[in-house]
Structures are given as structure tokens and as C-alpha cells.
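*Asks:* Right, I'll just put the structure down here and ask away after.
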Amino acid sequence: MRQGVVLAGAAILLSLFLLGSPVGAIEKGPDGKIILRMAHSSPVGNPTDIASKKWIELIGQRTGGKVEVKLFPNEQLGSEKACLEGVVLGTIDISLNDAAYVADLYPITGVFDFPFTFRDWDHYKATITNPIFPEMATIVEKEVGVKTLSIWIYGRRLLISKKPVKSPADAKNMKIRTPPSELAQENARVLGGIPVTIAFSETYMGLKQGLADAAENPSTAIYDQKWYEVAKYLTMTNHVWNNEILTMSKKTWEAFTPEQQKIVRDTSNEVSIFRMDLQKQMETSRMEDLKKLGMQVVVPPS
């Protein structure tokens with residue numbers, strides 16, 4: 001029993017050292033400063049990471065330093081799904097989560113990740129600046145108990161595979177890696193394949209070892225994760241305009257003053273547009289990078 005108590009105490013101390021504050025507690029700094037933790041699953045330098053740092057910088061400036069956000073990229077606080085659960089429970093303050101994961105909690109939010117929903121970037125921008133999302137956010141807060149602040153584009157998903165895919169017939173019975181989300185698995189079926197659940201960080205080895213024949217992600221993520229080393233064909237499907245939803249613990253939201261709440265909400269929407277413009281730019285450059293690395297690009301007939 002004594003050994004168990006010692007081990008439990010060590011685990012608590014380790015969590016305090018790694019996370020900087022007790023689990024579930026909003027850290028307070030000098031002069032009432034609020035210090036928060038934000039998680040996302042992308043690597044450092046990825047467009048999601050760049051936009052997150054932009055948001056954090058603006059929040060700090062516009063609150064006069066009264067709100068500080070510490071960023072934990074690349075699943076440092078756990079998997080994307082675990083971080084969303086942490087926000088619901090109030091053990092993590094802020095997390096960027098794929099709309100498909102949020103849809104597992106409240107299905108209607110999955111509409112933003114439905115296949116072939118958006119015509120072009122103008123259509124996409126008109127949608128994310130429409131009142132439809134704030135209206136939905138109010139319902140999500142009531143039903144799930146989290147704040148959903150804004151939508152940030154993750155990118156237009158493409159199919160990377162070990163053999164060329166020019167039509168759904170070519171993808172029939174192909175094992176396509178997906179995250180553990182019902183909507184993401186259905187999207188793989190839309191492409192004609194069989195969904196195989198593999199963690200994002202393990203997809204490279206899954207493709208290399210033949211656990212999956214294909215995977216789908218934006219060109220930015222394919223480049224960052226080096227999937228081009230284990231699959232040589234890239235089909236320009238753009239089948240999903242993949243979105244991340246900026247979520248915040250309700251307990252954290254209620255710790256802000258009304259003025260701080262307005263700053264956080266308005267800045268979230270502003271960075272949503274910044275994130276879109278950044279993705280447009282980087283998708284173009286990453287496609288050229290992938291071609292130079294030897295990827296064979298397949299354009300399906302329209």
C-alpha cells in the first residue's frame with residue numbers, strides 16, 4: 001500500500017511538472033493573469049501551428065497580457081480525441097479538433113466535413129463567415145457543454161496511394177487509413193475504399209508495412225508527415241474541405257471578463273480567415289514540393 005501511495009504521488013508530481021498546473025485548474029499568474037493550455041495534433045511549423053501562435057499572440061496583445069496561452073502541439077497532451085474529451089471535462093482549456101471528432105459528440109457539426117460540400121475558396125469563405133456557425137455553436141454549448149469559438153480550415157483532403165486511382169472503381173476494396181471517427185470512415189467509403197483505423201502518428205508505418213494501401217490528408221500534412229516516402233501516387237480528389245473547430249472548456253470561458261470573452265471570440269474569427277489564406281498559399285507550394293519529391297499526381301476526369 002505504501003508503495004502504491006508513493007507511485008501515485010510521483011505521478012501527480014510528474015503531471016504538475018509537465019503541465020505546469022494541477023489537472024483541471026486554471027492557472028493564475030501575477031495581477032490576476034489567466035494562464036491557459038492549448039492543444040493541437042499538428043507538428044511545429046505546420047499551418048495549424050502557425051495560426052495557433054498567431055491567435056495566442058493577438059490574445060496576449062489585446063488583453064494587455066492578462067490572458068496567456070501556452071501551446072502544446074503535436075499531441076503533447078494526448079491524442080486529438082483525448083484532448084477534445086479533456087476540454088469537455090475541463091482538464092484542458094483549449095483544443096483544435098477535427099470537425100469529425102466534434103461530430104462524434106454532436107453529429108450536426110459534421111456538416112462542415114461532408115464530402116464535396118464546397119465549390120471553391122469563395123464558397124468556403126462565405127460559409128465560415130455566415131451566421132450558421134455561431135447559431136450552431138450556441139446549440140453545441142447547450143447540448144455538449146463546451147464553447148466552440150470558430151472554424152479553422154485544416155486543408156482540402158487528397159488521396160495518397162500505392163497505386164494510381166483515377167476513379168472510385170480503382171479504389172474499390174482499397175484499405176484507406178482513417179482516424180477513429182465515424183464521419184471520416186464514411187468518407188473513405190465514399191471514395192470506394194475500406195476504412196482502416198490507424199493513429200495519425202502511426203500512418204507512415206502503417207503505409208510502409210501494408211496495413212493500409214492509401215491514406216487521405218491535405219498536401220500540407222502529407223508533406224509534413226513524409227508519407228510521400230511510402231506511397232507515390234497523389235489523386236487530386238479534394239473530396240473533403242477538412243475543418244478544425246476551436247473548442248474551449250466552458251469553465252475556462254466563464255473565467256474571462258465580458259471584455260475578454262469578446263476579444264477571444266472576435267480574434268478567433270479573425271484568425272479563421274488568416275488560417276484560410278495561409279492554407280491557400282501553402283497548398284500551392286506544397287504540391288510543387290511533392291512533385292519535386294517524385295510523387296505522381298493523378299487528376300481524375302471531371
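Identifiers in the C-alpha cells: chain A, B, ... in order shown; residue index from 1 per chain; ligand index from 1 in order shown.
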Please identify the alpha helix (DSSP H) residues within region 47-258 of chain A (assignment by DSSP from backbone atoms) and present them as a count of residues only.

*Replies:* 84

*Asks:* So that each row is one residue of region 229-264 of chain A with an atom at most 12 Å from region 199-204 of chain A, can you give its shortest atom pair and the distance in Å to one decimal, using only C-alpha atoms, rows by chain and rising number, as a tab-separated table?

*Replies:*
residue	atom	partner	partner_atom	distance
A:Glu229	CA	A:Tyr204	CA	8.5
A:Val230	CA	A:Tyr204	CA	7.1
A:Ala231	CA	A:Tyr204	CA	9.2

*Asks:* Write a file of the just-selected residues containing N, CA and C atoms, as a PDB file, in the first residue's frame.

*Replies:*
ATOM      1  N   GLU A 229       7.231   9.172 -48.954  1.00  0.00           N
ATOM      2  CA  GLU A 229       8.291   8.168 -48.962  1.00  0.00           C
ATOM      3  C   GLU A 229       7.736   6.743 -49.059  1.00  0.00           C
ATOM      4  N   VAL A 230       6.460   6.556 -48.700  1.00  0.00           N
ATOM      5  CA  VAL A 230       5.899   5.204 -48.647  1.00  0.00           C
ATOM      6  C   VAL A 230       4.697   5.007 -49.582  1.00  0.00           C
ATOM      7  N   ALA A 231       4.296   6.055 -50.287  1.00  0.00           N
ATOM      8  CA  ALA A 231       3.220   5.949 -51.284  1.00  0.00           C
ATOM      9  C   ALA A 231       3.471   7.020 -52.339  1.00  0.00           C
TER      10      ALA A 231
END

*Asks:* Please tabulate, as a tab-separated table, the residues of region 130-163 of chain A that come within 12 Å of region 52-62 of chain A, each with its closest pair of atoms and the distance in Å to one decimal, counting only C-alpha atoms and ordering rows by chain, then residue number upward.

*Replies:*
residue	atom	partner	partner_atom	distance
A:Ser150	CA	A:Trp55	CA	11.7
A:Trp152	CA	A:Ser52	CA	10.0
A:Tyr154	CA	A:Ser52	CA	12.0

*Asks:* Can you write out the residues you just picked, keeping C-alpha atoms, as a PDB file, in the first residue's frame?

*Replies:*
ATOM      1  CA  SER A 150     -14.689  29.307 -34.710  1.00  0.00           C
ATOM      2  CA  TRP A 152     -10.296  26.900 -38.980  1.00  0.00           C
ATOM      3  CA  TYR A 154      -7.187  22.236 -41.998  1.00  0.00           C
TER       4      TYR A 154
END

*Asks:* A:Ile263, A:Val87, A:Ile222, A:Met205: which is nearest Glu283 (chain A), counting only C-alpha atoms?

*Replies:*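 The answer is A:Ile222, which sits nearest to Glu283 (chain A).
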
*Asks:* Measuring atom to atom with only C-alpha atoms, identify which of A:Phe256, A:Phe72, A:Phe274, A:Tyr233 is nearest to Lys33 (chain A).

*Replies:*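 Checking each candidate against Lys33 (chain A), we get A:Phe256 as the closest.
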
*Asks:* Report as a Markdown table: every residue of region 132-180 of chain A with an atom at most 12 Å from region 91-107 of chain A, its closest pair of atoms, and their distance in Å to one decimal, counting only C-alpha atoms, with rows sorted by chain and ascending residue number.

*Replies:*
| residue | atom | partner | partner_atom | distance |
| --- | --- | --- | --- | --- |
| A:Met136 | CA | A:Tyr106 | CA | 10.1 |
| A:Ala137 | CA | A:Tyr106 | CA | 10.5 |
| A:Ile139 | CA | A:Tyr106 | CA | 9.3 |
| A:Val140 | CA | A:Tyr106 | CA | 6.8 |
| A:Glu141 | CA | A:Tyr106 | CA | 10.1 |
| A:Lys142 | CA | A:Tyr106 | CA | 10.7 |
| A:Glu143 | CA | A:Tyr106 | CA | 7.8 |
| A:Val144 | CA | A:Leu105 | CA | 7.0 |
| A:Gly145 | CA | A:Leu105 | CA | 10.3 |
| A:Val146 | CA | A:Ile94 | CA | 9.9 |
| A:Lys147 | CA | A:Ile94 | CA | 9.3 |
| A:Thr148 | CA | A:Val102 | CA | 9.5 |
| A:Leu149 | CA | A:Ile94 | CA | 10.0 |
| A:Ser150 | CA | A:Leu96 | CA | 9.8 |
| A:Ile151 | CA | A:Ala99 | CA | 8.6 |
| A:Trp152 | CA | A:Leu96 | CA | 8.5 |
| A:Ile153 | CA | A:Asp98 | CA | 9.4 |
| A:Tyr154 | CA | A:Asp98 | CA | 8.1 |
| A:Gly155 | CA | A:Asp98 | CA | 10.9 |
| A:Thr178 | CA | A:Ala100 | CA | 11.0 |
| A:Pro179 | CA | A:Tyr101 | CA | 9.1 |
| A:Pro180 | CA | A:Tyr101 | CA | 8.3 |

*Asks:* Identify, on the basis of only C-alpha atoms, every residue whose closest approach to Gly193 (chain A) does not exceed 12 Å; exclude the query and any residue fewer than 3 positions from it along the same chain; express the result as JSON, numbers by chain.

*Replies:* {"A": [159, 161, 165, 167, 168, 169, 170, 171, 172, 173, 174, 175, 176, 177, 178, 184, 185, 186, 187, 188, 189, 190, 196, 212, 213, 214, 215, 216]}

*Asks:* Expressed in Å to a single decimal, how great is the separation between CA of Glu75 (chain A) and CA of Ala221 (chain A)?

*Replies:* 14.6 Å

*Asks:* List as a list in words the protein and nucleic acid residues near Tyr124 (chain A), meaning an atom at most 12 Å away when only C-alpha atoms are counted, but skip any in the same chain fewer than 3 places from it.

*Replies:*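 Listed by chain and then number, they are Phe112, Asp113, Phe116, Thr117, Phe118, Arg119, Asp120, Trp121, Thr127, Ile128, Thr129, Asn130, Ile151, Trp152, Ile153, Gly155, Arg156, Val240, Trp241, Asn242, Asn243, Ser272, Ile273, Met276, Asp277 and Lys280 of chain A.
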
*Asks:* Any chance you could export the current selection's N, CA and C atoms as a CSV table (one decimal), in the first residue's frame?

*Replies:*
chain,number,residue,atom,x,y,z
A,112,PHE,N,-19.7,20.3,-41.8
A,112,PHE,CA,-18.5,21.1,-42.3
A,112,PHE,C,-17.5,20.2,-42.9
A,113,ASP,N,-17.6,18.9,-42.6
A,113,ASP,CA,-16.6,17.9,-43.2
A,113,ASP,C,-17.3,16.9,-44.1
A,116,PHE,N,-17.4,16.8,-50.7
A,116,PHE,CA,-17.9,17.6,-51.8
A,116,PHE,C,-18.9,18.6,-51.5
A,117,THR,N,-18.6,19.3,-50.4
A,117,THR,CA,-19.6,20.4,-49.9
A,117,THR,C,-19.3,21.7,-50.5
A,118,PHE,N,-18.0,22.1,-50.7
A,118,PHE,CA,-17.7,23.4,-51.1
A,118,PHE,C,-17.2,23.4,-52.6
A,119,ARG,N,-17.6,24.4,-53.3
A,119,ARG,CA,-17.2,24.6,-54.7
A,119,ARG,C,-15.8,25.1,-54.9
A,120,ASP,N,-15.5,26.2,-54.2
A,120,ASP,CA,-14.2,26.8,-54.3
A,120,ASP,C,-14.0,27.6,-53.0
A,121,TRP,N,-12.9,28.4,-53.0
A,121,TRP,CA,-12.5,29.1,-51.8
A,121,TRP,C,-13.5,30.2,-51.5
A,127,THR,N,-19.3,30.6,-46.4
A,127,THR,CA,-19.9,29.7,-45.4
A,127,THR,C,-19.4,30.0,-44.0
A,128,ILE,N,-18.0,30.1,-43.8
A,128,ILE,CA,-17.5,30.3,-42.5
A,128,ILE,C,-17.7,31.7,-41.9
A,129,THR,N,-18.1,32.6,-42.7
A,129,THR,CA,-18.4,34.0,-42.2
A,129,THR,C,-19.9,34.2,-42.1
A,130,ASN,N,-20.7,33.1,-42.4
A,130,ASN,CA,-22.1,33.1,-42.3
A,130,ASN,C,-22.6,32.9,-40.8
A,151,ILE,N,-14.3,28.2,-36.8
A,151,ILE,CA,-13.9,27.1,-37.7
A,151,ILE,C,-12.6,27.5,-38.3
A,152,TRP,N,-11.6,26.7,-38.3
A,152,TRP,CA,-10.3,26.9,-39.0
A,152,TRP,C,-10.1,25.8,-40.0
A,153,ILE,N,-9.8,26.2,-41.2
A,153,ILE,CA,-9.6,25.2,-42.3
A,153,ILE,C,-8.3,24.4,-41.9
A,155,GLY,N,-7.5,21.9,-44.4
A,155,GLY,CA,-7.0,21.7,-45.7
A,155,GLY,C,-7.9,20.8,-46.5
A,156,ARG,N,-7.7,20.8,-47.8
A,156,ARG,CA,-8.5,20.0,-48.8
A,156,ARG,C,-7.9,18.7,-48.9
A,240,VAL,N,-12.9,16.3,-49.3
A,240,VAL,CA,-13.3,17.0,-48.1
A,240,VAL,C,-12.5,18.2,-47.9
A,241,TRP,N,-13.2,19.3,-47.6
A,241,TRP,CA,-12.6,20.5,-47.2
A,241,TRP,C,-12.6,20.4,-45.6
A,242,ASN,N,-11.5,19.9,-45.2
A,242,ASN,CA,-11.4,19.4,-43.8
A,242,ASN,C,-11.2,20.7,-42.8
A,243,ASN,N,-12.0,20.7,-41.8
A,243,ASN,CA,-12.1,21.8,-40.8
A,243,ASN,C,-11.7,21.3,-39.4
A,272,SER,N,-9.4,32.7,-38.2
A,272,SER,CA,-10.0,31.8,-39.1
A,272,SER,C,-9.8,32.2,-40.5
A,273,ILE,N,-9.9,33.5,-40.8
A,273,ILE,CA,-9.6,34.0,-42.2
A,273,ILE,C,-8.1,33.9,-42.5
A,276,MET,N,-7.3,30.4,-43.4
A,276,MET,CA,-7.7,30.1,-44.7
A,276,MET,C,-6.7,30.6,-45.8
A,277,ASP,N,-6.4,31.9,-45.6
A,277,ASP,CA,-5.4,32.5,-46.6
A,277,ASP,C,-4.1,31.7,-46.6
A,280,LYS,N,-4.4,28.3,-48.4
A,280,LYS,CA,-4.5,28.5,-49.9
A,280,LYS,C,-3.0,28.6,-50.4

*Asks:* Give me the residues within 9 Å of Leu290 (chain A) as a PDB file with N, CA and C atoms, in the first residue's frame, counting only C-alpha atoms and dropping any in the same chain fewer than 5 places off.

*Replies:*
ATOM      1  N   SER A 219      -2.344  18.297 -48.761  1.00  0.00           N
ATOM      2  CA  SER A 219      -0.958  18.234 -49.231  1.00  0.00           C
ATOM      3  C   SER A 219       0.022  18.717 -48.170  1.00  0.00           C
ATOM      4  N   ILE A 222       0.538  15.765 -45.778  1.00  0.00           N
ATOM      5  CA  ILE A 222       1.258  14.690 -46.476  1.00  0.00           C
ATOM      6  C   ILE A 222       2.744  15.014 -46.541  1.00  0.00           C
ATOM      7  N   TYR A 223       3.044  16.277 -46.812  1.00  0.00           N
ATOM      8  CA  TYR A 223       4.438  16.716 -46.861  1.00  0.00           C
ATOM      9  C   TYR A 223       5.076  16.656 -45.472  1.00  0.00           C
ATOM     10  N   TYR A 228       5.016  10.725 -48.608  1.00  0.00           N
ATOM     11  CA  TYR A 228       5.488  10.548 -49.982  1.00  0.00           C
ATOM     12  C   TYR A 228       6.605   9.518 -50.072  1.00  0.00           C
ATOM     13  N   SER A 285       2.225  25.706 -52.773  1.00  0.00           N
ATOM     14  CA  SER A 285       3.669  25.460 -52.692  1.00  0.00           C
ATOM     15  C   SER A 285       3.975  24.008 -52.344  1.00  0.00           C
ATOM     16  N   MET A 295       6.431  12.454 -56.374  1.00  0.00           N
ATOM     17  CA  MET A 295       5.049  11.987 -56.357  1.00  0.00           C
ATOM     18  C   MET A 295       4.428  12.119 -57.733  1.00  0.00           C
ATOM     19  N   GLN A 296       3.654  11.101 -58.109  1.00  0.00           N
ATOM     20  CA  GLN A 296       2.934  11.097 -59.376  1.00  0.00           C
ATOM     21  C   GLN A 296       1.512  11.616 -59.116  1.00  0.00           C
ATOM     22  N   VAL A 297       1.183  12.750 -59.722  1.00  0.00           N
ATOM     23  CA  VAL A 297      -0.108  13.388 -59.482  1.00  0.00           C
ATOM     24  C   VAL A 297      -1.140  12.878 -60.502  1.00  0.00           C
TER      25      VAL A 297
END

*Asks:* What are the DSSP strand (DSSP E) residues of region 80-236 of chain A, as a PyMOL selection string?

*Replies:* chain A and resi 94-98+146-156+158-161+175-178+194-197+214-217+233-235
